[in-house]
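Colleague: Hey, dropping input.cif in here, mmCIF, C-alpha atoms:
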```cif
data_final
#
loop_
_atom_site.label_atom_id
_atom_site.label_comp_id
_atom_site.auth_asym_id
_atom_site.auth_seq_id
_atom_site.Cartn_x
_atom_site.Cartn_y
_atom_site.Cartn_z
CA GLU F 1 -12.09 -13.85 24.97
CA ALA F 2 -14.12 -11.75 22.53
CA GLU F 3 -14.76 -13.38 19.19
CA VAL F 4 -15.72 -12.47 15.67
CA ALA F 5 -18.82 -14.49 14.82
CA GLN F 6 -19.36 -15.84 11.34
CA SER F 7 -22.06 -17.99 9.84
CA PRO F 8 -22.53 -20.40 8.30
CA ARG F 9 -19.37 -22.43 8.96
CA TYR F 10 -19.81 -24.43 5.78
CA LYS F 11 -21.83 -23.80 2.64
CA ILE F 12 -22.25 -25.92 -0.45
CA THR F 13 -24.03 -24.26 -3.31
CA GLU F 14 -24.59 -24.92 -6.95
CA LYS F 15 -23.04 -22.81 -9.64
CA SER F 16 -25.18 -19.76 -10.54
CA GLN F 17 -26.96 -19.73 -7.18
CA ALA F 18 -26.81 -16.88 -4.71
CA VAL F 19 -25.00 -17.25 -1.40
CA ALA F 20 -24.59 -14.96 1.59
CA PHE F 21 -22.26 -14.88 4.55
CA TRP F 22 -22.74 -13.05 7.81
CA CYS F 23 -20.23 -11.55 10.23
CA ASP F 24 -20.61 -9.96 13.65
CA PRO F 25 -17.37 -8.27 14.73
CA ILE F 26 -16.08 -7.83 18.26
CA SER F 27 -18.13 -5.21 20.04
CA GLY F 28 -16.64 -1.77 19.59
CA HIS F 29 -14.48 -2.69 16.62
CA ALA F 30 -15.03 -0.02 14.01
CA THR F 31 -13.02 -1.67 11.26
CA LEU F 32 -14.30 -4.80 9.55
CA TYR F 33 -12.69 -6.77 6.77
CA TRP F 34 -13.77 -9.55 4.44
CA TYR F 35 -11.00 -11.76 3.13
CA ARG F 36 -11.00 -14.68 0.73
CA GLN F 37 -8.46 -17.45 1.17
CA ILE F 38 -7.90 -20.03 -1.52
CA LEU F 39 -6.28 -23.24 -0.36
CA GLY F 40 -2.51 -22.88 -0.28
CA GLN F 41 -2.57 -19.11 -0.49
CA GLY F 42 -2.70 -16.23 1.94
CA PRO F 43 -5.89 -14.30 2.64
CA GLU F 44 -6.76 -11.69 0.03
CA LEU F 45 -8.70 -8.59 1.06
CA LEU F 46 -12.08 -8.22 -0.62
CA VAL F 47 -13.51 -5.24 1.24
CA GLN F 48 -12.71 -3.07 4.26
CA PHE F 49 -15.28 -1.07 6.22
CA GLN F 50 -14.71 1.76 8.64
CA ASP F 51 -17.98 1.91 10.55
CA GLU F 52 -20.60 1.71 7.80
CA SER F 53 -18.42 3.13 5.04
CA VAL F 54 -16.41 1.16 2.52
CA VAL F 55 -12.80 2.34 2.55
CA ASP F 56 -11.37 -0.25 0.17
CA ASP F 57 -13.19 -2.57 -2.20
CA SER F 58 -10.67 -2.45 -5.01
CA GLN F 59 -10.29 -6.24 -5.06
CA LEU F 60 -14.01 -7.02 -4.79
CA PRO F 61 -15.42 -8.51 -8.04
CA LYS F 62 -18.30 -6.10 -8.14
CA ASP F 63 -20.12 -7.81 -10.97
CA ARG F 64 -21.02 -10.65 -8.63
CA PHE F 65 -19.97 -9.71 -5.10
CA SER F 66 -21.56 -7.18 -2.80
CA ALA F 67 -20.96 -6.29 0.82
CA GLU F 68 -22.79 -4.11 3.27
CA ARG F 69 -22.52 -2.99 6.86
CA LEU F 70 -25.63 -0.90 7.18
CA LYS F 71 -25.50 0.07 10.85
CA GLY F 72 -21.77 -0.12 11.22
CA VAL F 73 -21.94 -3.30 13.24
CA ASP F 74 -22.56 -6.66 11.53
CA SER F 75 -21.92 -7.23 7.86
CA THR F 76 -23.11 -9.40 5.00
CA LEU F 77 -21.12 -10.54 1.98
CA LYS F 78 -23.12 -11.82 -0.97
CA ILE F 79 -22.17 -13.63 -4.15
CA GLN F 80 -24.61 -13.80 -7.02
CA PRO F 81 -24.23 -15.83 -9.13
CA ALA F 82 -21.66 -18.15 -7.59
CA GLU F 83 -18.99 -19.61 -9.86
CA LEU F 84 -16.82 -22.68 -9.39
CA GLY F 85 -13.78 -20.46 -8.83
CA ASP F 86 -15.44 -18.88 -5.79
CA SER F 87 -14.79 -22.03 -3.75
CA ALA F 88 -12.63 -20.80 -0.88
CA MET F 89 -12.64 -19.85 2.78
CA TYR F 90 -14.27 -16.50 3.43
CA LEU F 91 -12.86 -14.86 6.52
CA CYS F 92 -14.17 -11.88 8.39
CA ALA F 93 -11.87 -9.90 10.64
CA SER F 94 -12.24 -6.87 12.84
CA SER F 95 -10.03 -4.45 14.69
CA PHE F 96 -10.54 -1.50 17.01
CA ALA F 97 -8.86 0.77 14.50
CA PRO F 98 -7.50 0.02 11.05
CA GLY F 99 -5.47 -3.10 11.62
CA GLN F 100 -2.28 -1.59 10.43
CA LEU F 101 -1.26 -0.90 14.00
CA TYR F 102 -3.01 -3.55 16.04
CA GLY F 103 -3.49 -6.57 13.85
CA TYR F 104 -6.81 -8.28 13.37
CA THR F 105 -9.00 -10.84 15.03
CA PHE F 106 -10.43 -13.28 12.54
CA GLY F 107 -13.64 -15.21 12.72
CA SER F 108 -13.60 -18.94 12.13
CA GLY F 109 -14.60 -18.42 8.51
CA THR F 110 -17.13 -19.80 6.08
CA ARG F 111 -15.87 -22.56 3.84
CA LEU F 112 -17.70 -22.28 0.52
CA THR F 113 -17.83 -25.07 -2.01
CA VAL F 114 -19.44 -24.34 -5.36
CA VAL F 115 -20.46 -27.42 -7.32
CA ARG P 1 6.50 -10.25 -8.46
CA LYS P 2 4.25 -10.51 -5.42
CA GLU P 3 4.17 -7.66 -2.94
CA VAL P 4 4.90 -10.04 -0.08
CA GLU P 5 6.87 -13.22 -0.58
CA GLN P 6 7.63 -15.94 1.90
CA ASP P 7 10.05 -18.84 1.93
CA PRO P 8 8.42 -21.70 0.11
CA GLY P 9 7.74 -24.60 2.46
CA PRO P 10 7.35 -27.02 3.79
CA PHE P 11 9.85 -26.99 6.61
CA ASN P 12 10.14 -30.36 8.33
CA VAL P 13 12.18 -30.22 11.52
CA PRO P 14 12.68 -32.43 14.56
CA GLU P 15 11.50 -31.41 17.98
CA GLY P 16 13.94 -29.08 19.67
CA ALA P 17 15.28 -27.64 16.43
CA THR P 18 15.62 -23.97 15.66
CA VAL P 19 13.92 -22.82 12.49
CA ALA P 20 13.74 -19.44 10.78
CA PHE P 21 11.36 -18.05 8.19
CA ASN P 22 11.89 -15.01 6.05
CA CYS P 23 9.39 -12.73 4.38
CA THR P 24 10.31 -10.03 1.86
CA TYR P 25 8.19 -7.08 0.83
CA SER P 26 8.42 -4.82 -2.16
CA ASN P 27 6.93 -1.52 -0.97
CA SER P 28 9.43 0.59 0.92
CA ALA P 29 6.57 2.69 2.34
CA SER P 30 5.31 -0.28 4.38
CA GLN P 31 5.14 0.61 8.03
CA SER P 32 3.88 -2.20 10.20
CA PHE P 33 4.41 -5.91 10.15
CA PHE P 34 2.96 -8.98 11.79
CA TRP P 35 3.29 -12.73 11.93
CA TYR P 36 0.14 -14.85 12.06
CA ARG P 37 -0.19 -18.55 12.71
CA GLN P 38 -2.78 -20.63 10.90
CA ASP P 39 -3.61 -24.20 11.83
CA CYS P 40 -5.00 -26.53 9.19
CA ARG P 41 -8.49 -25.44 8.10
CA LYS P 42 -8.68 -22.82 10.85
CA GLU P 43 -8.54 -19.04 10.85
CA PRO P 44 -5.25 -17.12 11.13
CA LYS P 45 -4.38 -15.95 14.62
CA LEU P 46 -2.05 -13.11 15.47
CA LEU P 47 1.26 -14.47 16.70
CA MET P 48 3.24 -11.30 17.15
CA SER P 49 3.90 -7.84 15.85
CA VAL P 50 7.30 -7.07 14.42
CA TYR P 51 9.03 -3.99 15.79
CA SER P 52 11.95 -2.13 14.31
CA SER P 53 14.15 -3.03 17.24
CA GLY P 54 13.20 -6.69 17.07
CA ASN P 55 11.07 -8.39 19.65
CA GLU P 56 10.89 -11.66 21.47
CA ASP P 57 8.02 -13.64 22.94
CA GLY P 58 9.21 -16.77 24.65
CA ARG P 59 10.68 -19.07 22.01
CA PHE P 60 9.70 -16.74 19.18
CA THR P 61 11.81 -13.85 17.91
CA ALA P 62 10.75 -11.47 15.17
CA GLN P 63 13.05 -9.07 13.39
CA LEU P 64 12.67 -6.36 10.80
CA ASN P 65 15.28 -5.22 8.33
CA ARG P 66 13.97 -2.12 6.60
CA ALA P 67 17.04 -1.61 4.46
CA SER P 68 16.69 -5.03 2.88
CA GLN P 69 12.89 -5.05 3.22
CA TYR P 70 12.43 -8.31 4.99
CA ILE P 71 11.08 -9.62 8.24
CA SER P 72 11.97 -12.85 9.92
CA LEU P 73 10.56 -15.22 12.50
CA LEU P 74 12.83 -17.46 14.54
CA ILE P 75 11.42 -20.36 16.54
CA ARG P 76 13.73 -21.95 19.09
CA ASP P 77 13.29 -25.35 20.72
CA SER P 78 10.48 -26.34 18.33
CA LYS P 79 7.50 -28.17 19.79
CA LEU P 80 5.11 -30.53 18.03
CA SER P 81 2.42 -27.92 18.68
CA ASP P 82 4.33 -25.38 16.56
CA SER P 83 3.29 -27.29 13.44
CA ALA P 84 1.22 -24.81 11.44
CA THR P 85 1.41 -22.36 8.57
CA TYR P 86 3.02 -19.04 9.38
CA LEU P 87 1.79 -15.99 7.48
CA CYS P 88 3.53 -12.66 7.35
CA VAL P 89 1.49 -9.48 6.95
CA VAL P 90 2.81 -6.20 5.65
CA ASN P 91 0.82 -3.01 6.11
CA THR P 92 1.25 -0.02 3.84
CA PRO P 93 -0.45 3.33 4.47
CA LEU P 94 -2.86 4.34 1.74
CA ALA P 95 -5.16 7.34 1.80
CA ASN P 96 -7.38 7.12 4.87
CA ALA P 97 -6.96 3.47 5.62
CA GLY P 98 -4.02 1.40 4.64
CA LYS P 99 -3.45 -1.83 2.87
CA SER P 100 -2.61 -5.12 4.50
CA THR P 101 -1.04 -7.75 2.33
CA PHE P 102 -0.59 -11.35 3.42
CA GLY P 103 2.09 -13.67 2.22
CA ASP P 104 1.08 -17.14 1.09
CA GLY P 105 2.52 -18.69 4.21
CA THR P 106 5.25 -21.12 5.13
CA THR P 107 4.24 -24.52 6.45
CA LEU P 108 6.14 -25.93 9.39
CA THR P 109 5.93 -29.55 10.50
CA VAL P 110 7.71 -30.47 13.71
CA LYS P 111 8.31 -34.19 14.03
CA PRO P 112 9.05 -36.28 17.12
#
```
Translate this structure into structure tokens?

Modeller:
Amino acid sequence: EAEVAQSPRYKITEKSQAVAFWCDPISGHATLYWYRQILGQGPELLVQFQDESVVDDSQLPKDRFSAERLKGVDSTLKIQPAELGDSAMYLCASSFAPGQLYGYTFGSGTRLTVV
Amino acid sequence: RKEVEQDPGPFNVPEGATVAFNCTYSNSASQSFFWYRQDCRKEPKLLMSVYSSGNEDGRFTAQLNRASQYISLLIRDSKLSDSATYLCVVNTPLANAGKSTFGDGTTLTVKP
């Protein structure tokens, strides 16, 4: 079964440091999403890509977060500087077309702890 | 008020019980709906889509009520392995993409 690859699985970083997460979607999936999930809550969309273009980043805290998908395949999400409140699970998902019709496949996530 | 609201959990049921979860949404323009299952400290996995006519997959039945703006998930003959958090997702068309909003989930624990 095809998978969405994410790395690292776990990351502990100190407040004010930079941190980056990587995602490789299922081959052929044009739509890629980054979600943040705080414990006890549902995933919240941070950014959605269609190929290499951002189609929705309205919930991305742009003062500290950035995301890119330069060649329309894998993607990187960066936080600089990290804050204590950024501790969460960061999930990448992909779908063949915008997931509104087909649903998403999620990667196993990166669990970030900021200390 | 949240765009997508789910029954607050947790639901604790014995094996073999029937349990139902509801999820309400506020945007009448929402068009597609899903249920996801999330095991503890794992990623969400798609459980089933929700169709207007209702749909069934084994012990699981999903229904949509557009007039009242809610979706439901019914689990019959609960198994220990059904213990998880169930997330509803509501998709609303926006411009050239669309917006998917997750509920906060309902936790189910099935006990022997």

Colleague: How close does each residue of chain P get to chain F, giving the shortest atom pair and distance in Å to one decimal for every residue with an atom at most 8 Å away, counting all atoms listed in the file, sorted by chain and residue number, as CSV?

Modeller:
```
residue,atom,partner,partner_atom,distance
P:Ser32,CA,F:Gln100,CA,6.2
P:Phe33,CA,F:Gln100,CA,8.0
P:Phe34,CA,F:Gly103,CA,7.2
P:Lys42,CA,F:Ser108,CA,6.4
P:Glu43,CA,F:Ser108,CA,5.2
P:Pro44,CA,F:Phe106,CA,6.6
P:Lys45,CA,F:Thr105,CA,6.9
P:Leu46,CA,F:Gly103,CA,6.9
P:Ser49,CA,F:Gly103,CA,7.8
P:Leu87,CA,F:Gly42,CA,7.1
P:Asn91,CA,F:Gln100,CA,5.5
P:Thr92,CA,F:Gln100,CA,7.6
P:Pro93,CA,F:Gln100,CA,7.9
P:Asn96,CA,F:Val55,CA,7.6
P:Ala97,CA,F:Pro98,CA,6.5
P:Gly98,CA,F:Gln100,CA,6.7
P:Lys99,CA,F:Gln100,CA,7.7
P:Ser100,CA,F:Gln100,CA,6.9
P:Thr101,CA,F:Glu44,CA,7.3
P:Phe102,CA,F:Gly42,CA,5.5
P:Gly103,CA,F:Gly42,CA,5.4
P:Asp104,CA,F:Gly42,CA,4.0
P:Gly105,CA,F:Gly42,CA,6.2
```

Colleague: So that I have them on file, write out the residues from the current selection with C-alpha atoms, as a PDB file, in the frame of the given file.

Modeller:
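Okay, part10.pdb is ready:
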```pdb
ATOM      1  CA  SER P  32       3.880  -2.200  10.200  1.00  0.00           C
ATOM      2  CA  PHE P  33       4.410  -5.910  10.150  1.00  0.00           C
ATOM      3  CA  PHE P  34       2.960  -8.980  11.790  1.00  0.00           C
ATOM      4  CA  LYS P  42      -8.680 -22.820  10.850  1.00  0.00           C
ATOM      5  CA  GLU P  43      -8.540 -19.040  10.850  1.00  0.00           C
ATOM      6  CA  PRO P  44      -5.250 -17.120  11.130  1.00  0.00           C
ATOM      7  CA  LYS P  45      -4.380 -15.950  14.620  1.00  0.00           C
ATOM      8  CA  LEU P  46      -2.050 -13.110  15.470  1.00  0.00           C
ATOM      9  CA  SER P  49       3.900  -7.840  15.850  1.00  0.00           C
ATOM     10  CA  LEU P  87       1.790 -15.990   7.480  1.00  0.00           C
ATOM     11  CA  ASN P  91       0.820  -3.010   6.110  1.00  0.00           C
ATOM     12  CA  THR P  92       1.250  -0.020   3.840  1.00  0.00           C
ATOM     13  CA  PRO P  93      -0.450   3.330   4.470  1.00  0.00           C
ATOM     14  CA  ASN P  96      -7.380   7.120   4.870  1.00  0.00           C
ATOM     15  CA  ALA P  97      -6.960   3.470   5.620  1.00  0.00           C
ATOM     16  CA  GLY P  98      -4.020   1.400   4.640  1.00  0.00           C
ATOM     17  CA  LYS P  99      -3.450  -1.830   2.870  1.00  0.00           C
ATOM     18  CA  SER P 100      -2.610  -5.120   4.500  1.00  0.00           C
ATOM     19  CA  THR P 101      -1.040  -7.750   2.330  1.00  0.00           C
ATOM     20  CA  PHE P 102      -0.590 -11.350   3.420  1.00  0.00           C
ATOM     21  CA  GLY P 103       2.090 -13.670   2.220  1.00  0.00           C
ATOM     22  CA  ASP P 104       1.080 -17.140   1.090  1.00  0.00           C
ATOM     23  CA  GLY P 105       2.520 -18.690   4.210  1.00  0.00           C
TER      24      GLY P 105
END
```

Colleague: Please determine, counting only C-alpha atoms, which residue among F:Leu60, F:Val115, F:Val73, F:Val19 has the shortest atom-to-atom distance to Ala5 in chain F.

Modeller: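 Of all the options, F:Val73 lies closest to Ala5 in chain F.
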
Colleague: Kindly resolve the PyMOL selection byres ((chain P and resi 3) around 6) on the present coordinates and return the residues as a PyMOL selection string.

Modeller: chain P and resi 2+4+25-26

Colleague: Taking the file above as input, evaluate the PyMOL selection byres ((chain P and resi 65-77) around 10) and report the hits as an MDAnalysis selection string.

Modeller: chainID P and resid 4:6 14:31 33:35 48 50:64 78:79 82 86 88:90

Colleague: Need the neighbours of (-21.5, -12.1, 5.0): which residues are at most 8 Å away, counting all atoms listed in the file, as number ranges by chain?

Modeller: F: 6-7, 20-23, 67, 75-78

Colleague: What is the distance between CA of Val47 in chain F and CA of Leu47 in chain P, in Å to one decimal?

Modeller: 23.3 Å

Colleague: Measure the distance from CA of His29 in chain F to CA of Phe65 in chain F in Å and round it to one decimal.

Modeller: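 Pair CA of His29 in chain F / CA of Phe65 in chain F returns 23.5 Å.
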
Colleague: Which residues fall under the PyMOL selection byres ((chain F and resi 64) around 7) in this file, as a PDB file with C-alpha atoms, in the coordinates of the input?

Modeller:
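Okay, selection23.pdb is ready:
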```
ATOM      1  CA  PRO F  61     -15.420  -8.510  -8.040  1.00  0.00           C
ATOM      2  CA  LYS F  62     -18.300  -6.100  -8.140  1.00  0.00           C
ATOM      3  CA  ASP F  63     -20.120  -7.810 -10.970  1.00  0.00           C
ATOM      4  CA  PHE F  65     -19.970  -9.710  -5.100  1.00  0.00           C
ATOM      5  CA  SER F  66     -21.560  -7.180  -2.800  1.00  0.00           C
ATOM      6  CA  ILE F  79     -22.170 -13.630  -4.150  1.00  0.00           C
ATOM      7  CA  GLN F  80     -24.610 -13.800  -7.020  1.00  0.00           C
ATOM      8  CA  PRO F  81     -24.230 -15.830  -9.130  1.00  0.00           C
TER       9      PRO F  81
END
```

Colleague: Figure out the distance between CA of Leu46 in chain F and CA of Ser87 in chain F, please, to one decimal in Å.

Modeller: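 So the answer is 14.4 Å.
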